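S.K.: The structure is given below, and queries will be raised subsequently.
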Amino acid sequence: MSRKSTNAVKKTKRKTRKNFINVINVSKKYSLGEVMVKALDNVTVSIDRGEIVSIVGPSGSGKTTLLNLIGALDYIDSGTITIDGQELSKLNDRELSFVRRETIGYVFQNFNLLEEINAEKNIEMPLILSKRPKEERKEILEELLSDVGLLSRRNHKPDQLSGGEQQRVAIARALANDPEIILADEPTGNLDSSTGKRILDLLIALSKEQKKTLVYVTHDNEQAMLAQRQIIMNDGTIAKDSSMK
């Protein structure tokens, strides 16, 4: 894509920053009836700008919880999470909304598309919320639809699209505001293996092309190996953190 950030100079200066995402001694508990479940137990991990990282582990290991906390979709119980030096727990609701809208693009396993509007309008929604001018929205939409191969399907509603096409709409929507971080929770979990492979290949290719930081959760070991780095979680802790380069 050829889009340039309106804050291009600032982004260029930050381009080489390491430890772009910092998770330090983070814990998170959930209540299941009368039982408290520790989803994360004193987790510490850092991710550099532009890294492509997979997170794997058994069900209940804390993968999605970690992703949601980084994505400012949930609140930590203790510890700190910073993105580019900005500590999330110190932000108010309005500031967190801005981070979720402008800094982070989230790709959900179940797509989370609005069923009553077509693919183009689903992708456009973040741009409308960001109050982008109509002509700018139109230009961005054309590029996004082209990038994910959906120019001919732009007027189709979600129930008229295949699972793979719906996930491509979800990816384009996540990229709409040109976020620096893409978080994807089991982005191929509801797809057959061949379609899932194509979707993940697309997500990784777009992230590399646009120099995005990509963190994705997967249960598929082959898909996890496509990342530059793999984090293995177990019982709310990081069991292994290894480079795949």
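Simple scheme: letters A, B, ... for chains in structure tokens order, numbers from 1 for residues in each chain, numbers from 1 for ligands in the order shown.
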Can you list, as a VMD selection string, every protein, DNA or RNA residue that comes within 12 Å of region 57-65 of chain A when you count only C-alpha atoms, leaving out same-chain residues fewer than 4 positions away?
M.R.: chain A and resid 26 to 30 37 to 43 69 to 77 106 108 to 109 183 to 187 215 to 221 224 230 to 241
S.K.: Would you export the selected residues with N, CA and C atoms as a tab-separated table (two decimals), in the first residue's frame, please?
M.R.:
```tsv
chain	number	residue	atom	x	y	z
A	26	VAL	N	3.09	-9.04	34.44
A	26	VAL	CA	1.64	-8.89	34.32
A	26	VAL	C	0.91	-10.15	34.80
A	27	SER	N	-0.08	-9.93	35.65
A	27	SER	CA	-0.96	-11.01	36.11
A	27	SER	C	-2.41	-10.62	35.86
A	28	LYS	N	-3.23	-11.64	35.64
A	28	LYS	CA	-4.65	-11.42	35.40
A	28	LYS	C	-5.44	-12.62	35.90
A	29	LYS	N	-6.47	-12.35	36.72
A	29	LYS	CA	-7.34	-13.41	37.23
A	29	LYS	C	-8.77	-13.20	36.73
A	30	TYR	N	-9.49	-14.29	36.57
A	30	TYR	CA	-10.90	-14.25	36.23
A	30	TYR	C	-11.69	-15.08	37.23
A	37	VAL	N	-9.55	-18.04	38.63
A	37	VAL	CA	-8.62	-18.66	37.69
A	37	VAL	C	-7.55	-17.64	37.32
A	38	LYS	N	-6.31	-18.03	37.48
A	38	LYS	CA	-5.20	-17.14	37.14
A	38	LYS	C	-4.88	-17.35	35.66
A	39	ALA	N	-5.33	-16.42	34.81
A	39	ALA	CA	-5.12	-16.54	33.37
A	39	ALA	C	-3.68	-16.21	32.99
A	40	LEU	N	-3.09	-15.21	33.66
A	40	LEU	CA	-1.68	-14.87	33.46
A	40	LEU	C	-1.02	-14.76	34.82
A	41	ASP	N	0.18	-15.29	34.92
A	41	ASP	CA	0.90	-15.33	36.20
A	41	ASP	C	2.28	-14.70	36.05
A	42	ASN	N	2.36	-13.39	36.33
A	42	ASN	CA	3.64	-12.68	36.35
A	42	ASN	C	4.39	-12.81	35.02
A	43	VAL	N	3.71	-12.50	33.93
A	43	VAL	CA	4.28	-12.65	32.58
A	43	VAL	C	5.10	-11.41	32.20
A	69	LEU	N	-4.97	-8.08	26.51
A	69	LEU	CA	-4.37	-7.06	27.38
A	69	LEU	C	-3.46	-6.14	26.58
A	70	ILE	N	-2.68	-6.69	25.67
A	70	ILE	CA	-1.85	-5.86	24.80
A	70	ILE	C	-2.74	-4.97	23.94
A	71	GLY	N	-3.87	-5.50	23.51
A	71	GLY	CA	-4.79	-4.75	22.66
A	71	GLY	C	-5.69	-3.79	23.39
A	72	ALA	N	-5.49	-3.63	24.69
A	72	ALA	CA	-6.28	-2.72	25.51
A	72	ALA	C	-7.76	-3.07	25.49
A	73	LEU	N	-8.06	-4.35	25.33
A	73	LEU	CA	-9.45	-4.82	25.37
A	73	LEU	C	-9.84	-5.28	26.76
A	74	ASP	N	-8.86	-5.36	27.66
A	74	ASP	CA	-9.10	-5.79	29.03
A	74	ASP	C	-8.08	-5.11	29.93
A	75	TYR	N	-8.27	-5.21	31.23
A	75	TYR	CA	-7.41	-4.52	32.19
A	75	TYR	C	-6.58	-5.52	32.99
A	76	ILE	N	-5.34	-5.17	33.25
A	76	ILE	CA	-4.45	-6.03	34.03
A	76	ILE	C	-4.80	-5.92	35.52
A	77	ASP	N	-4.45	-6.95	36.28
A	77	ASP	CA	-4.58	-6.89	37.73
A	77	ASP	C	-3.33	-6.29	38.36
A	106	TYR	N	-7.14	-5.13	15.23
A	106	TYR	CA	-7.41	-6.44	15.83
A	106	TYR	C	-8.20	-7.30	14.84
A	108	PHE	N	-10.24	-10.68	14.61
A	108	PHE	CA	-10.90	-11.65	15.48
A	108	PHE	C	-11.12	-12.99	14.77
A	109	GLN	N	-11.10	-14.06	15.55
A	109	GLN	CA	-11.31	-15.39	15.00
A	109	GLN	C	-12.68	-15.52	14.33
A	183	LEU	N	-2.92	-7.31	15.86
A	183	LEU	CA	-3.11	-8.43	16.76
A	183	LEU	C	-4.17	-9.34	16.15
A	184	ALA	N	-3.89	-10.63	16.09
A	184	ALA	CA	-4.83	-11.56	15.47
A	184	ALA	C	-5.03	-12.77	16.37
A	185	ASP	N	-6.27	-12.99	16.80
A	185	ASP	CA	-6.60	-14.10	17.70
A	185	ASP	C	-7.15	-15.26	16.90
A	186	GLU	N	-6.35	-16.30	16.73
A	186	GLU	CA	-6.74	-17.47	15.94
A	186	GLU	C	-7.38	-17.03	14.62
A	187	PRO	N	-6.66	-16.26	13.80
A	187	PRO	CA	-7.27	-15.70	12.59
A	187	PRO	C	-7.70	-16.74	11.57
A	215	VAL	N	1.35	-9.76	15.94
A	215	VAL	CA	1.33	-10.78	16.98
A	215	VAL	C	0.06	-11.61	16.78
A	216	TYR	N	0.23	-12.91	16.54
A	216	TYR	CA	-0.96	-13.73	16.30
A	216	TYR	C	-0.96	-14.99	17.16
A	217	VAL	N	-2.14	-15.34	17.61
A	217	VAL	CA	-2.37	-16.56	18.38
A	217	VAL	C	-2.80	-17.66	17.43
A	218	THR	N	-2.23	-18.84	17.58
A	218	THR	CA	-2.63	-19.96	16.75
A	218	THR	C	-2.48	-21.27	17.53
A	219	HIS	N	-3.27	-22.26	17.15
A	219	HIS	CA	-3.14	-23.60	17.73
A	219	HIS	C	-2.40	-24.51	16.76
A	220	ASP	N	-2.07	-23.97	15.58
A	220	ASP	CA	-1.46	-24.75	14.51
A	220	ASP	C	0.06	-24.56	14.53
A	221	ASN	N	0.81	-25.61	14.81
A	221	ASN	CA	2.26	-25.49	14.93
A	221	ASN	C	2.92	-25.08	13.61
A	224	ALA	N	2.40	-21.44	13.27
A	224	ALA	CA	3.25	-20.74	14.24
A	224	ALA	C	4.67	-20.60	13.72
A	230	GLN	N	8.57	-17.35	18.14
A	230	GLN	CA	7.45	-18.12	18.69
A	230	GLN	C	7.49	-18.08	20.21
A	231	ILE	N	6.33	-17.73	20.79
A	231	ILE	CA	6.16	-17.74	22.24
A	231	ILE	C	5.23	-18.89	22.59
A	232	ILE	N	5.69	-19.80	23.44
A	232	ILE	CA	4.87	-20.93	23.87
A	232	ILE	C	4.39	-20.66	25.29
A	233	MET	N	3.07	-20.72	25.50
A	233	MET	CA	2.50	-20.46	26.82
A	233	MET	C	1.92	-21.73	27.43
A	234	ASN	N	1.97	-21.77	28.76
A	234	ASN	CA	1.39	-22.90	29.49
A	234	ASN	C	1.03	-22.43	30.90
A	235	ASP	N	-0.22	-22.69	31.29
A	235	ASP	CA	-0.69	-22.34	32.64
A	235	ASP	C	-0.43	-20.88	33.00
A	236	GLY	N	-0.68	-20.00	32.05
A	236	GLY	CA	-0.58	-18.57	32.32
A	236	GLY	C	0.83	-18.02	32.37
A	237	THR	N	1.80	-18.82	31.97
A	237	THR	CA	3.19	-18.36	31.96
A	237	THR	C	3.81	-18.62	30.59
A	238	ILE	N	4.95	-17.99	30.35
A	238	ILE	CA	5.68	-18.22	29.11
A	238	ILE	C	6.66	-19.38	29.34
A	239	ALA	N	6.40	-20.49	28.67
A	239	ALA	CA	7.23	-21.68	28.84
A	239	ALA	C	8.48	-21.61	27.98
A	240	LYS	N	8.35	-20.95	26.80
A	240	LYS	CA	9.49	-20.86	25.89
A	240	LYS	C	9.31	-19.68	24.97
A	241	ASP	N	10.40	-19.00	24.65
A	241	ASP	CA	10.39	-17.84	23.76
A	241	ASP	C	11.60	-17.99	22.86
```
S.K.: Residues near Lys211 (chain A), anyone? I mean within 9 Å using only C-alpha atoms, not counting same-chain ones fewer than 5 positions away, as a list in words.
M.R.: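 Near Lys211 (chain A), the qualifying residues are Arg49, Gly50, Glu51, Glu180 and Leu206 of chain A.
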S.K.: Need to verify the contact set: Lys121 (chain A), 9 Å, only C-alpha atoms, exclusion of same-chain residues closer than 4 positions in sequence. Can you return it as a ChimeraX atom specification?
M.R.: /A:114,117,125,154-155
S.K.: Can you write just those residues out, N, CA and C atoms, as a JSON list (two decimals), in the first residue's frame?
M.R.:
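again00.json written:
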```json
[["chain", "number", "residue", "atom", "x", "y", "z"],
["A", 114, "LEU", "N", -20.21, -6.69, 10.69],
["A", 114, "LEU", "CA", -21.60, -6.26, 10.80],
["A", 114, "LEU", "C", -22.39, -6.88, 9.66],
["A", 117, "ILE", "N", -24.38, -4.78, 6.64],
["A", 117, "ILE", "CA", -23.72, -3.92, 5.66],
["A", 117, "ILE", "C", -22.71, -4.74, 4.85],
["A", 125, "MET", "N", -15.75, 1.31, 8.31],
["A", 125, "MET", "CA", -16.24, 1.73, 9.62],
["A", 125, "MET", "C", -15.16, 2.40, 10.49],
["A", 154, "ARG", "N", -16.85, -6.31, -3.14],
["A", 154, "ARG", "CA", -17.03, -5.18, -2.23],
["A", 154, "ARG", "C", -18.47, -4.94, -1.83],
["A", 155, "ASN", "N", -19.41, -5.25, -2.69],
["A", 155, "ASN", "CA", -20.82, -4.98, -2.41],
["A", 155, "ASN", "C", -21.56, -6.16, -1.79]]
```
S.K.: Name the residues of region 76-209 of chain A that come out as alpha helix (DSSP H) in a backbone DSSP run; write them as number ranges by chain.
M.R.: A: 93-98, 119-129, 134-147, 163-175, 193-209
S.K.: With only C-alpha atoms as the basis for distance, which of A:Val169, A:Ile83, A:Arg100, A:Ile52 is at the shortest distance from Glu120 (chain A)?
M.R.: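 With only C-alpha atoms as the atom set, the closest residue is A:Val169.
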S.K.: Leaving out Gln167 (chain A) and any residue of its chain fewer than 6 positions from it, which residues lie within 12 Å of it when counting only C-alpha atoms, given as a PyMOL selection string?
M.R.: chain A and resi 106-113+119+122-123+148-150+158+161+173-174+184-191+195-196+198-200+202-203
S.K.: Suppose you want the space between CA of Ile171 (chain A) and CA of Gly105 (chain A); what is it in Å?
M.R.: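 It comes out at 8.4 Å.
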